[in-house]
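> My file is work03.cif. It has mmCIF, C-alpha atoms:
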data_entry
#
loop_
_atom_site.label_atom_id
_atom_site.label_comp_id
_atom_site.auth_asym_id
_atom_site.auth_seq_id
_atom_site.Cartn_x
_atom_site.Cartn_y
_atom_site.Cartn_z
CA MET A 1 32.08 -22.94 -6.28
CA GLU A 2 34.34 -24.10 -3.45
CA LYS A 3 34.21 -27.79 -2.77
CA THR A 4 32.91 -28.93 0.60
CA LYS A 5 34.64 -31.45 2.79
CA GLN A 6 31.95 -33.95 1.82
CA ASP A 7 32.61 -33.38 -1.91
CA ARG A 8 36.35 -33.93 -1.43
CA LEU A 9 35.64 -37.14 0.50
CA HIS A 10 33.42 -38.42 -2.33
CA GLU A 11 36.11 -37.58 -4.91
CA THR A 12 38.75 -39.45 -2.87
CA ILE A 13 36.56 -42.52 -2.62
CA LEU A 14 35.72 -42.50 -6.34
CA SER A 15 39.39 -42.10 -7.30
CA CYS A 16 40.25 -45.29 -5.41
CA ILE A 17 37.62 -47.42 -7.18
CA ALA A 18 38.98 -49.70 -9.92
CA ASP A 19 35.76 -49.46 -11.93
CA GLY A 20 34.97 -46.46 -14.10
CA VAL A 21 32.29 -44.23 -12.59
CA PHE A 22 30.58 -41.18 -14.03
CA THR A 23 27.40 -39.26 -13.29
CA VAL A 24 25.07 -37.36 -15.59
CA ASP A 25 22.32 -34.80 -15.12
CA GLY A 26 18.82 -35.06 -16.57
CA GLU A 27 20.14 -34.02 -20.01
CA TRP A 28 22.77 -36.81 -20.00
CA ARG A 29 25.62 -34.32 -19.54
CA ILE A 30 28.54 -35.68 -17.51
CA THR A 31 28.87 -34.09 -14.07
CA SER A 32 31.69 -36.25 -12.65
CA PHE A 33 34.26 -38.65 -14.11
CA ASN A 34 36.60 -40.71 -11.90
CA LYS A 35 40.24 -41.73 -12.55
CA ALA A 36 39.32 -45.29 -13.63
CA ALA A 37 36.92 -43.82 -16.21
CA GLU A 38 39.80 -41.68 -17.51
CA ARG A 39 42.09 -44.72 -17.71
CA ILE A 40 39.59 -47.00 -19.49
CA THR A 41 38.31 -44.44 -22.00
CA GLY A 42 41.54 -42.48 -22.42
CA VAL A 43 39.57 -39.24 -21.92
CA PRO A 44 40.65 -36.79 -19.18
CA ALA A 45 37.93 -35.75 -16.75
CA ALA A 46 38.39 -32.12 -17.78
CA ASP A 47 37.47 -33.04 -21.36
CA ALA A 48 34.54 -35.23 -20.33
CA ILE A 49 32.68 -33.07 -17.80
CA GLY A 50 29.96 -30.97 -19.40
CA ARG A 51 29.71 -33.11 -22.55
CA LYS A 52 26.96 -35.58 -23.34
CA CYS A 53 27.93 -39.08 -22.30
CA ALA A 54 27.44 -40.53 -25.80
CA ASP A 55 30.11 -38.11 -27.12
CA VAL A 56 32.64 -39.37 -24.58
CA PHE A 57 31.52 -42.88 -23.76
CA ARG A 58 31.48 -44.36 -27.27
CA ALA A 59 29.71 -47.66 -26.62
CA ASP A 60 27.95 -49.98 -29.05
CA ILE A 61 24.74 -49.63 -26.99
CA CYS A 62 24.62 -45.80 -27.06
CA GLU A 63 22.32 -45.75 -30.08
CA ARG A 64 20.45 -49.05 -29.86
CA GLY A 65 19.80 -49.21 -26.09
CA CYS A 66 21.56 -46.66 -23.88
CA ALA A 67 21.60 -47.97 -20.30
CA ILE A 68 21.64 -44.47 -18.75
CA ARG A 69 18.68 -43.38 -20.89
CA GLN A 70 16.75 -46.52 -19.94
CA THR A 71 17.40 -45.89 -16.24
CA LEU A 72 16.39 -42.22 -16.42
CA ARG A 73 13.21 -43.15 -18.33
CA THR A 74 12.08 -46.07 -16.17
CA GLY A 75 13.81 -45.49 -12.85
CA ASN A 76 15.00 -49.11 -12.95
CA GLU A 77 18.58 -50.18 -12.42
CA VAL A 78 20.67 -51.92 -15.08
CA ILE A 79 23.00 -54.59 -13.72
CA ASN A 80 26.09 -55.92 -15.53
CA GLN A 81 24.92 -55.27 -19.07
CA PRO A 82 27.62 -56.32 -21.57
CA ALA A 83 28.87 -53.72 -24.05
CA ARG A 84 31.95 -52.60 -25.96
CA ILE A 85 33.46 -49.12 -26.02
CA LEU A 86 36.02 -47.37 -28.20
CA ASP A 87 38.78 -45.56 -26.33
CA ARG A 88 40.37 -42.33 -27.50
CA ASP A 89 42.73 -44.27 -29.81
CA GLY A 90 39.88 -46.20 -31.45
CA ARG A 91 40.61 -49.49 -29.67
CA SER A 92 37.65 -51.65 -28.66
CA HIS A 93 37.27 -52.76 -25.02
CA PRO A 94 34.69 -55.21 -23.59
CA ILE A 95 32.96 -53.83 -20.48
CA SER A 96 30.02 -54.53 -18.21
CA ILE A 97 27.71 -51.65 -17.28
CA SER A 98 25.52 -50.96 -14.24
CA THR A 99 23.34 -47.86 -13.81
CA ALA A 100 21.07 -46.31 -11.20
CA VAL A 101 19.15 -43.04 -10.75
CA LEU A 102 20.39 -40.27 -8.45
CA ARG A 103 17.91 -38.38 -6.26
CA ASP A 104 18.24 -35.72 -3.60
CA ARG A 105 16.92 -36.05 -0.04
CA ASN A 106 13.49 -34.94 -1.19
CA GLY A 107 13.31 -37.59 -3.90
CA GLU A 108 13.81 -35.14 -6.74
CA LEU A 109 15.65 -36.55 -9.76
CA LEU A 110 19.23 -35.30 -10.08
CA GLY A 111 20.42 -37.59 -12.86
CA ALA A 112 22.01 -41.02 -13.01
CA VAL A 113 25.25 -42.82 -12.22
CA GLU A 114 26.94 -45.41 -14.39
CA THR A 115 29.73 -47.77 -13.37
CA PHE A 116 31.61 -49.81 -15.91
CA ARG A 117 34.21 -52.54 -15.55
CA ASP A 118 36.97 -53.19 -18.10
CA LEU A 119 36.83 -56.89 -19.05
CA SER A 120 39.78 -56.80 -21.47
CA GLN A 121 42.06 -58.95 -19.32
CA ILE A 122 39.28 -61.43 -18.61
CA GLU A 123 38.47 -61.68 -22.33
CA GLN A 124 42.16 -62.16 -23.16
CA LEU A 125 42.48 -64.92 -20.55
CA ARG A 126 39.30 -66.56 -21.85
CA ARG A 127 40.65 -66.36 -25.42
CA GLU A 128 43.94 -67.96 -24.36
CA ILE A 129 42.13 -70.76 -22.54
CA SER A 130 39.68 -71.29 -25.41
CA SER A 131 42.46 -71.44 -28.00
CA GLN A 132 43.70 -74.59 -26.32
CA TYR A 133 40.39 -76.33 -26.90
CA VAL A 134 39.10 -74.84 -30.18
CA PHE A 135 40.43 -75.68 -33.63
CA GLU A 136 38.64 -73.98 -36.51
CA ASP A 137 34.99 -74.53 -35.39
CA ILE A 138 35.82 -77.79 -33.61
CA ILE A 139 35.25 -77.60 -29.84
CA GLY A 140 36.97 -80.10 -27.56
CA ARG A 141 39.20 -80.37 -24.53
CA SER A 142 38.92 -84.14 -24.07
CA GLU A 143 42.04 -86.23 -24.53
CA ALA A 144 40.71 -87.67 -27.80
CA PHE A 145 40.17 -84.23 -29.32
CA ARG A 146 43.41 -82.76 -28.05
CA ARG A 147 45.18 -85.61 -29.83
CA ILE A 148 43.28 -84.78 -33.04
CA PHE A 149 44.18 -81.09 -32.66
CA THR A 150 47.85 -82.03 -32.30
CA LEU A 151 47.80 -84.18 -35.44
CA LEU A 152 45.74 -81.93 -37.74
CA PRO A 153 48.47 -79.46 -38.84
CA ASP A 154 50.83 -82.27 -39.89
CA ILE A 155 48.00 -84.21 -41.55
CA ALA A 156 46.92 -81.11 -43.47
CA GLN A 157 50.40 -80.53 -44.88
CA SER A 158 50.95 -84.14 -45.93
CA ASP A 159 48.49 -84.33 -48.89
CA SER A 160 47.81 -87.99 -47.99
CA THR A 161 44.32 -89.50 -48.24
CA VAL A 162 42.45 -89.33 -44.92
CA LEU A 163 39.61 -91.48 -43.58
CA ILE A 164 37.55 -89.97 -40.73
CA GLU A 165 35.42 -92.45 -38.81
CA GLY A 166 32.81 -91.42 -36.26
CA PRO A 167 29.08 -91.36 -35.45
CA SER A 168 26.58 -89.14 -37.25
CA GLY A 169 26.54 -85.58 -35.96
CA SER A 170 29.98 -85.78 -34.36
CA GLY A 171 31.71 -83.18 -36.54
CA LYS A 172 33.46 -85.24 -39.22
CA GLU A 173 32.86 -82.60 -41.91
CA LEU A 174 34.29 -79.90 -39.63
CA ILE A 175 37.49 -81.92 -39.32
CA ALA A 176 37.60 -82.47 -43.08
CA ARG A 177 37.23 -78.73 -43.71
CA ALA A 178 39.88 -77.96 -41.09
CA ILE A 179 42.29 -80.28 -42.93
CA HIS A 180 41.54 -78.43 -46.17
CA ASN A 181 41.81 -74.96 -44.60
CA LEU A 182 45.19 -75.76 -43.03
CA SER A 183 46.62 -77.27 -46.20
CA ASN A 184 48.47 -75.73 -49.15
CA ARG A 185 45.22 -76.26 -51.11
CA SER A 186 43.17 -73.87 -48.94
CA SER A 187 42.87 -71.23 -51.68
CA LYS A 188 41.17 -73.80 -53.96
CA PRO A 189 37.67 -75.35 -53.57
CA CYS A 190 36.63 -78.00 -51.07
CA VAL A 191 33.91 -79.97 -52.90
CA VAL A 192 31.58 -82.29 -50.97
CA VAL A 193 30.30 -85.54 -52.49
CA ASN A 194 27.51 -87.09 -50.40
CA CYS A 195 27.78 -90.77 -51.29
CA GLY A 196 24.53 -91.62 -49.50
CA THR A 197 22.43 -89.47 -51.82
CA LEU A 198 24.26 -90.10 -55.11
CA PRO A 199 22.47 -92.75 -57.27
CA PRO A 200 24.88 -95.40 -58.65
CA SER A 201 23.67 -94.68 -62.20
CA LEU A 202 24.77 -91.05 -61.88
CA PHE A 203 28.00 -91.66 -59.96
CA GLU A 204 30.34 -91.50 -62.96
CA SER A 205 28.74 -88.46 -64.58
CA GLU A 206 28.52 -86.53 -61.28
CA LEU A 207 32.05 -87.36 -60.21
CA PHE A 208 33.89 -87.30 -63.55
CA GLY A 209 31.56 -85.19 -65.70
CA TYR A 210 30.84 -85.82 -69.40
CA VAL A 211 31.58 -84.41 -72.83
CA LYS A 212 29.12 -83.20 -75.44
CA GLY A 213 27.43 -86.11 -77.20
CA ALA A 214 28.26 -88.69 -74.51
CA PHE A 215 24.53 -89.52 -74.41
CA THR A 216 21.31 -88.19 -75.91
CA ASP A 217 20.79 -85.21 -73.59
CA ALA A 218 24.47 -84.24 -73.38
CA GLN A 219 24.20 -80.97 -75.33
CA LYS A 220 27.46 -79.57 -73.97
CA ASP A 221 30.43 -80.51 -71.80
CA LYS A 222 29.74 -80.69 -68.07
CA PRO A 223 32.57 -80.75 -65.52
CA GLY A 224 32.28 -83.26 -62.68
CA ARG A 225 33.07 -82.80 -58.99
CA ILE A 226 36.72 -83.75 -59.57
CA ALA A 227 37.18 -80.98 -62.13
CA LEU A 228 35.36 -78.47 -59.90
CA ALA A 229 37.77 -79.28 -57.05
CA ASP A 230 40.89 -79.00 -59.23
CA GLY A 231 43.81 -78.01 -57.01
CA GLY A 232 41.68 -78.42 -53.90
CA THR A 233 40.03 -81.15 -51.86
CA VAL A 234 37.21 -83.63 -52.53
CA PHE A 235 35.36 -84.72 -49.40
CA PHE A 236 33.48 -88.03 -49.81
CA ASP A 237 30.90 -88.01 -47.00
CA GLU A 238 29.39 -91.34 -45.86
CA ILE A 239 31.73 -93.27 -48.15
CA SER A 240 30.40 -96.56 -46.73
CA GLU A 241 27.18 -96.01 -48.73
CA LEU A 242 28.96 -96.44 -52.08
CA PRO A 243 27.74 -99.61 -53.87
CA LEU A 244 30.42 -102.14 -54.77
CA GLU A 245 30.10 -101.44 -58.50
CA THR A 246 30.98 -97.78 -58.00
CA GLN A 247 33.77 -98.42 -55.49
CA VAL A 248 36.03 -99.74 -58.26
CA LYS A 249 35.67 -96.46 -60.18
CA LEU A 250 36.79 -94.48 -57.14
CA LEU A 251 39.68 -96.93 -56.62
CA ARG A 252 41.07 -96.17 -60.09
CA LEU A 253 40.97 -92.45 -59.31
CA LEU A 254 43.00 -93.01 -56.14
CA GLN A 255 45.47 -95.42 -57.76
CA GLU A 256 46.14 -93.66 -61.06
CA ARG A 257 45.26 -90.07 -60.04
CA GLU A 258 43.46 -89.69 -63.33
CA TYR A 259 39.95 -90.14 -64.73
CA GLU A 260 37.99 -90.03 -67.97
CA PRO A 261 34.77 -87.99 -68.32
CA LEU A 262 31.91 -89.96 -69.85
CA GLY A 263 32.25 -90.01 -73.64
CA SER A 264 35.93 -89.00 -73.57
CA VAL A 265 38.87 -91.19 -74.63
CA GLN A 266 41.47 -88.83 -73.17
CA PRO A 267 42.35 -89.34 -69.50
CA ARG A 268 42.61 -86.23 -67.36
CA ARG A 269 44.89 -85.65 -64.41
CA ALA A 270 43.14 -85.44 -61.02
CA ASN A 271 44.90 -82.78 -59.00
CA VAL A 272 42.84 -83.23 -55.83
CA ARG A 273 43.32 -84.32 -52.25
CA VAL A 274 40.79 -86.95 -51.09
CA VAL A 275 39.27 -86.94 -47.60
CA ALA A 276 36.52 -89.45 -46.77
CA ALA A 277 34.20 -89.92 -43.80
CA THR A 278 31.94 -92.68 -42.57
CA ASN A 279 29.69 -93.37 -39.59
CA LYS A 280 30.37 -97.10 -39.93
CA ARG A 281 33.46 -99.21 -39.28
CA LEU A 282 34.81 -99.82 -42.78
CA PHE A 283 37.21 -102.55 -41.69
CA GLU A 284 34.27 -104.60 -40.41
CA MET A 285 32.49 -104.03 -43.73
CA VAL A 286 35.62 -105.31 -45.53
CA SER A 287 35.49 -108.54 -43.51
CA LYS A 288 31.84 -108.98 -44.55
CA GLU A 289 32.76 -108.27 -48.21
CA ARG A 290 30.56 -105.17 -48.30
CA PHE A 291 33.47 -102.84 -48.96
CA ARG A 292 36.52 -103.43 -51.15
CA ASP A 293 39.67 -104.08 -49.14
CA ASP A 294 41.91 -102.43 -51.76
CA LEU A 295 39.78 -99.26 -51.64
CA TYR A 296 39.77 -99.30 -47.84
CA PHE A 297 43.57 -99.36 -47.64
CA ARG A 298 43.81 -96.59 -50.26
CA LEU A 299 41.46 -94.44 -48.19
CA ALA A 300 42.86 -95.20 -44.74
CA VAL A 301 46.41 -93.97 -45.30
CA ILE A 302 45.66 -91.72 -42.33
CA ARG A 303 42.73 -92.70 -40.13
CA LEU A 304 41.09 -90.47 -37.52
CA THR A 305 38.38 -91.65 -35.13
CA VAL A 306 35.90 -89.13 -33.69
CA PRO A 307 34.40 -90.32 -30.36
CA LEU A 308 30.74 -90.21 -29.34
CA LEU A 309 29.72 -87.11 -27.40
CA ARG A 310 28.83 -89.23 -24.37
CA GLU A 311 32.44 -90.49 -24.38
CA ARG A 312 33.77 -86.92 -24.01
CA ARG A 313 31.31 -85.32 -21.62
CA GLU A 314 33.92 -82.81 -20.44
CA ASP A 315 33.42 -81.07 -23.81
CA ILE A 316 29.69 -80.50 -23.27
CA PRO A 317 29.93 -77.24 -21.22
CA HIS A 318 32.27 -75.74 -23.84
CA LEU A 319 29.97 -76.81 -26.67
CA VAL A 320 26.97 -75.30 -24.87
CA GLU A 321 28.83 -72.01 -24.43
CA HIS A 322 29.86 -72.07 -28.10
CA PHE A 323 26.30 -72.63 -29.34
CA VAL A 324 24.85 -70.01 -26.96
CA ASP A 325 27.35 -67.46 -28.31
CA ARG A 326 26.53 -68.49 -31.89
CA TYR A 327 22.75 -68.13 -31.51
CA ASN A 328 23.07 -64.91 -29.50
CA ALA A 329 24.84 -63.47 -32.55
CA LYS A 330 22.30 -64.95 -34.98
CA ARG A 331 19.17 -63.98 -33.05
CA GLY A 332 20.39 -60.71 -31.50
CA LYS A 333 19.72 -62.01 -27.98
CA GLN A 334 21.79 -61.79 -24.78
CA ILE A 335 21.17 -65.18 -23.18
CA GLU A 336 23.94 -65.86 -20.66
CA GLY A 337 23.79 -69.66 -20.73
CA VAL A 338 21.78 -72.52 -19.25
CA THR A 339 20.60 -73.19 -15.71
CA PRO A 340 22.41 -75.79 -13.56
CA ALA A 341 19.43 -78.11 -14.06
CA VAL A 342 19.80 -77.97 -17.84
CA MET A 343 23.55 -78.49 -17.65
CA GLU A 344 23.04 -81.47 -15.32
CA PHE A 345 20.58 -82.92 -17.85
CA PHE A 346 23.09 -82.43 -20.68
CA MET A 347 25.87 -84.09 -18.67
CA ARG A 348 23.68 -87.16 -18.06
CA HIS A 349 22.00 -87.44 -21.47
CA ASP A 350 23.38 -90.08 -23.87
CA PHE A 351 23.14 -87.85 -26.99
CA PRO A 352 22.49 -90.47 -29.68
CA GLY A 353 22.61 -87.56 -32.17
CA ASN A 354 25.92 -86.32 -30.74
CA VAL A 355 26.98 -82.68 -31.23
CA ARG A 356 24.30 -82.05 -33.86
CA GLU A 357 21.61 -83.08 -31.36
CA LEU A 358 23.02 -80.72 -28.72
CA GLU A 359 23.07 -77.82 -31.18
CA ASN A 360 19.48 -78.53 -32.24
CA ILE A 361 18.33 -78.45 -28.59
CA ILE A 362 20.06 -75.09 -28.01
CA GLU A 363 18.61 -73.64 -31.22
CA TYR A 364 15.09 -74.76 -30.21
CA ALA A 365 15.52 -73.26 -26.72
CA PHE A 366 16.53 -69.91 -28.23
CA VAL A 367 13.11 -69.68 -29.86
CA LEU A 368 11.28 -70.03 -26.53
CA CYS A 369 13.68 -68.40 -24.07
CA HIS A 370 13.14 -64.73 -23.20
CA GLN A 371 15.16 -64.81 -19.99
CA ARG A 372 18.83 -64.60 -19.11
CA ARG A 373 19.22 -68.38 -18.99
CA ILE A 374 17.76 -71.41 -20.72
CA HIS A 375 15.59 -73.49 -18.37
CA MET A 376 14.32 -77.06 -18.71
CA ARG A 377 10.92 -75.72 -19.82
CA HIS A 378 12.60 -74.17 -22.88
CA LEU A 379 13.85 -77.55 -24.15
CA PRO A 380 11.93 -79.62 -26.74
CA GLU A 381 9.02 -81.64 -25.36
CA GLU A 382 10.76 -85.00 -25.77
CA TYR A 383 13.44 -83.89 -23.29
CA GLN A 384 10.98 -82.73 -20.63
CA PRO A 385 10.78 -84.82 -17.44
CA GLU A 386 7.61 -86.90 -17.07
CA ASP A 387 6.79 -85.03 -13.87
CA HIS A 388 6.22 -81.46 -15.05
CA LEU A 389 6.58 -80.30 -11.45
CA ALA A 390 10.08 -81.76 -11.28
CA GLU A 391 12.35 -79.51 -9.27
CA GLU A 392 14.85 -77.35 -11.08
CA ILE A 393 18.12 -76.35 -9.53
CA ASP A 394 18.72 -72.80 -8.39
CA ALA A 395 21.84 -70.72 -9.02
CA ASN A 396 23.61 -72.33 -6.06
CA GLY A 397 23.02 -75.84 -7.40
CA TRP A 398 20.46 -76.88 -4.74
CA ASN A 399 17.02 -78.25 -5.48
CA GLN A 400 14.37 -75.63 -4.84
CA SER A 401 12.09 -76.38 -1.92
CA PRO A 402 8.33 -75.82 -2.19
CA LEU A 403 8.85 -72.65 -0.10
CA ALA A 404 11.45 -71.33 -2.55
CA ARG A 405 9.16 -72.08 -5.50
CA ALA A 406 6.33 -70.21 -3.76
CA GLU A 407 8.63 -67.22 -3.15
CA GLN A 408 9.66 -67.23 -6.82
CA GLN A 409 6.02 -67.29 -7.97
CA THR A 410 5.16 -64.42 -5.59
CA ILE A 411 8.00 -62.24 -6.89
CA ARG A 412 6.99 -62.95 -10.48
CA SER A 413 3.36 -62.10 -9.75
CA ILE A 414 4.16 -58.75 -8.08
CA LEU A 415 6.66 -57.85 -10.81
CA GLN A 416 3.88 -58.50 -13.30
CA GLN A 417 1.51 -56.21 -11.36
CA ASN A 418 4.13 -53.44 -11.25
CA LYS A 419 5.23 -53.92 -14.87
CA GLY A 420 8.80 -54.73 -13.83
CA ASN A 421 9.32 -51.67 -11.59
CA LEU A 422 11.85 -52.81 -8.99
CA GLY A 423 11.20 -49.99 -6.49
CA GLN A 424 7.45 -50.58 -6.32
CA THR A 425 7.94 -54.37 -6.20
CA ALA A 426 10.43 -54.11 -3.32
CA ARG A 427 8.10 -51.83 -1.34
CA GLN A 428 5.12 -54.15 -1.89
CA LEU A 429 7.21 -57.15 -0.77
CA GLY A 430 8.51 -55.21 2.24
CA ILE A 431 12.18 -55.74 1.34
CA SER A 432 15.01 -53.50 0.17
CA ARG A 433 15.89 -53.10 -3.53
CA THR A 434 19.23 -54.82 -2.81
CA THR A 435 17.50 -57.85 -1.31
CA LEU A 436 15.06 -57.95 -4.23
CA TRP A 437 17.94 -57.80 -6.72
CA ARG A 438 19.64 -60.74 -4.95
CA ARG A 439 16.43 -62.78 -5.06
CA LEU A 440 15.99 -62.01 -8.77
CA LYS A 441 19.53 -63.18 -9.43
CA ALA A 442 19.08 -66.35 -7.35
CA PHE A 443 15.83 -67.24 -9.16
CA ASP A 444 17.20 -66.11 -12.55
CA ILE A 445 14.29 -63.69 -13.05
CA ASP A 446 14.74 -60.92 -15.60
CA ALA A 447 12.60 -57.93 -14.57
CA SER A 448 12.70 -56.49 -18.09
CA GLU A 449 10.41 -59.27 -19.37
CA PHE A 450 7.56 -57.76 -17.31
CA ARG A 451 7.93 -54.25 -18.73
CA ASP A 452 5.78 -52.86 -21.52
#
Please lay out the structure from this file as structure tokens.

Amino acid sequence: MEKTKQDRLHETILSCIADGVFTVDGEWRITSFNKAAERITGVPAADAIGRKCADVFRADICERGCAIRQTLRTGNEVINQPARILDRDGRSHPISISTAVLRDRNGELLGAVETFRDLSQIEQLRREISSQYVFEDIIGRSEAFRRIFTLLPDIAQSDSTVLIEGPSGSGKELIARAIHNLSNRSSKPCVVVNCGTLPPSLFESELFGYVKGAFTDAQKDKPGRIALADGGTVFFDEISELPLETQVKLLRLLQEREYEPLGSVQPRRANVRVVAATNKRLFEMVSKERFRDDLYFRLAVIRLTVPLLRERREDIPHLVEHFVDRYNAKRGKQIEGVTPAVMEFFMRHDFPGNVRELENIIEYAFVLCHQRRIHMRHLPEEYQPEDHLAEEIDANGWNQSPLARAEQQTIRSILQQNKGNLGQTARQLGISRTTLWRRLKAFDIDASEFRD
């Protein structure tokens, strides 16, 4: 059939758009495919037209939640849904998808249109930026952490004993594991010894092991933590909790690099690297004669200090993003982040529990949140403001007025009545679908939560 002037005009417009655009009929067969769609997928339009979109547009959501299928079924638009596609060469590309139904002048359904934007360059830029502030699983862009990141590779290669000082929940074990993973010992075990939970009476047998017959119940040889870590690293967590009588036994291990299992008269070589951590200032404990000075100086050959979270508040947004990504993957959700009100609360909170406290708050919020963003009401009760009517902050960062709150409640109520149908809700409100979509975005309302 000969193309009309109008058809040629539409083709010209679509060919100039940087986003991929394709249309499908009611059977999900592709009826048009623009140049950007060809470029992103690597599939020529001639090969795409007439085929089902899932055969051409190989996205991770095609089977579990096809956006086009959802739009054709419900009549509702999909806006900026994240997905990944495989191009013709099998390479994965991150994209964002938007869909809408197509109707003729009489309102009869023709099919649907999908636009998709290639986010590969954005993801690459984000990865390059993130790599400057992430080391192993350690998140930080503050000056203190950038200094630690700079030192870690050299520290890891040195094989010297390391003492990591910092508050509880600040990530000391992550740093210890990063030192092990970057070292020549990374292929061997990293064994953790929690000094705070190890009874003094069991210290020797747990650390050094014992031989058969060493005591009544010793029916066979048992290797200790040192033997289990042979060739690797032993991480002594909360080393400040070691009683004085057991500190001397650890000192001999560090001085002589050998030990004797209980009941043995033959010393054994300790081929381990020692890393220790404490939430207390060991040097102050030395001055109060609560920690041996000779052991302290053996441990603190290299000393790293991890700051409190409230002393590196610039890291909080990056930590929040990291934990949101982590729990999205764990829970199969697509939460985009936190509201400005929640972020403002995080930036002002003192975080006595440091990074661990922040992660616990995010994990709790993931249980309650069924929207695109985490709001203050999703946080644990102890973090809620005393005034439960306290104003949140909208997407533009301004406190909502009573009028804005009333508008938000009205939109929610009518969405509930219409089971999330945007067209019916817009008509009942007397506004266009575009205006409704903008208000939903401003109020962070997800229409899908109202659908059956």
> Would you work out the distance separating atom CA of A:Glu321 from atom CA of A:Gly65, expressed in Å to one decimal?
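Atom-to-atom, atom CA of A:Glu321 and atom CA of A:Gly65 are spaced 24.6 Å apart.
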> For atom CA of A:Asn354 and atom CA of A:Ser168, determine how far apart the two atoms are, in Å to one decimal place.
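Spanning atom CA of A:Asn354 to atom CA of A:Ser168 is a straight-line distance of 7.1 Å.
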> Quick one, how far is atom CA of A:His180 from atom CA of A:Ala144?
20.6 Å
> Using all atoms listed in the file, collect all residues at a distance of at most 9 Å from (8.1, -55.5, -17.7) as written in the file, then present them as a count of residues only.
13
> Taking the file above as input, evaluate the PyMOL selection byres ((chain A and resi 237) around 8) and report the hits as an MDAnalysis selection string.
chainID A and resid 173 192:196 235:236 238:239 276:278
> For this file, the PyMOL selection byres ((chain A and resi 213-222) around 8) selects which residues, as a VMD selection string?
chain A and resid 209 to 212 223 to 224 262 to 264
> For the file shown, report as a PyMOL selection string the outcome of the PyMOL selection byres ((chain A and resi 110) around 10) at residue level.
chain A and resi 23-26+72+101-104+107-109+111-113
> Applying 12 Å and all atoms listed in the file, which residues near stretch 410-414 of chain A remain after dropping the ones on its own chain fewer than 3 positions away? List them as a VMD selection string.
chain A and resid 403 to 407 417 to 431 435 to 450
> Please list as a list in words every residue within 8 Å of stretch 74-90 of chain A, counting all atoms listed in the file and excluding residues in the same chain fewer than 2 positions away.
Ile40, Thr41, Gly42, Val43, Phe57, Arg58, Ala59, Asp60, Ile61, Ala67, Gln70, Thr71, Leu72, Ser92, His93, Pro94, Ile95, Ser96, Ile97, Ser98, Thr99, Ala100, Val101, Asn421, Leu422 and Gly423 of chain A
> Let's have the selection written as a PDB file, in the coordinates of the input, with C-alpha atoms.

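Written output follows (result.pdb):
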ATOM      1  CA  ILE A  40      39.590 -47.000 -19.490  1.00  0.00           C
ATOM      2  CA  THR A  41      38.310 -44.440 -22.000  1.00  0.00           C
ATOM      3  CA  GLY A  42      41.540 -42.480 -22.420  1.00  0.00           C
ATOM      4  CA  VAL A  43      39.570 -39.240 -21.920  1.00  0.00           C
ATOM      5  CA  PHE A  57      31.520 -42.880 -23.760  1.00  0.00           C
ATOM      6  CA  ARG A  58      31.480 -44.360 -27.270  1.00  0.00           C
ATOM      7  CA  ALA A  59      29.710 -47.660 -26.620  1.00  0.00           C
ATOM      8  CA  ASP A  60      27.950 -49.980 -29.050  1.00  0.00           C
ATOM      9  CA  ILE A  61      24.740 -49.630 -26.990  1.00  0.00           C
ATOM     10  CA  ALA A  67      21.600 -47.970 -20.300  1.00  0.00           C
ATOM     11  CA  GLN A  70      16.750 -46.520 -19.940  1.00  0.00           C
ATOM     12  CA  THR A  71      17.400 -45.890 -16.240  1.00  0.00           C
ATOM     13  CA  LEU A  72      16.390 -42.220 -16.420  1.00  0.00           C
ATOM     14  CA  SER A  92      37.650 -51.650 -28.660  1.00  0.00           C
ATOM     15  CA  HIS A  93      37.270 -52.760 -25.020  1.00  0.00           C
ATOM     16  CA  PRO A  94      34.690 -55.210 -23.590  1.00  0.00           C
ATOM     17  CA  ILE A  95      32.960 -53.830 -20.480  1.00  0.00           C
ATOM     18  CA  SER A  96      30.020 -54.530 -18.210  1.00  0.00           C
ATOM     19  CA  ILE A  97      27.710 -51.650 -17.280  1.00  0.00           C
ATOM     20  CA  SER A  98      25.520 -50.960 -14.240  1.00  0.00           C
ATOM     21  CA  THR A  99      23.340 -47.860 -13.810  1.00  0.00           C
ATOM     22  CA  ALA A 100      21.070 -46.310 -11.200  1.00  0.00           C
ATOM     23  CA  VAL A 101      19.150 -43.040 -10.750  1.00  0.00           C
ATOM     24  CA  ASN A 421       9.320 -51.670 -11.590  1.00  0.00           C
ATOM     25  CA  LEU A 422      11.850 -52.810  -8.990  1.00  0.00           C
ATOM     26  CA  GLY A 423      11.200 -49.990  -6.490  1.00  0.00           C
TER      27      GLY A 423
END
> Which residues are close to A:Leu251, i.e. within 12 Å by only C-alpha atoms, leaving aside same-chain residues fewer than 3 positions away? Reply as a list in words.
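Those residues are Leu242, Leu244, Glu245, Thr246, Gln247, Val248, Leu254, Gln255, Glu256, Arg257, Glu258, Tyr259, Val274, Phe291, Arg292, Asp293, Asp294, Leu295, Tyr296, Phe297, Arg298 and Leu299 of chain A.
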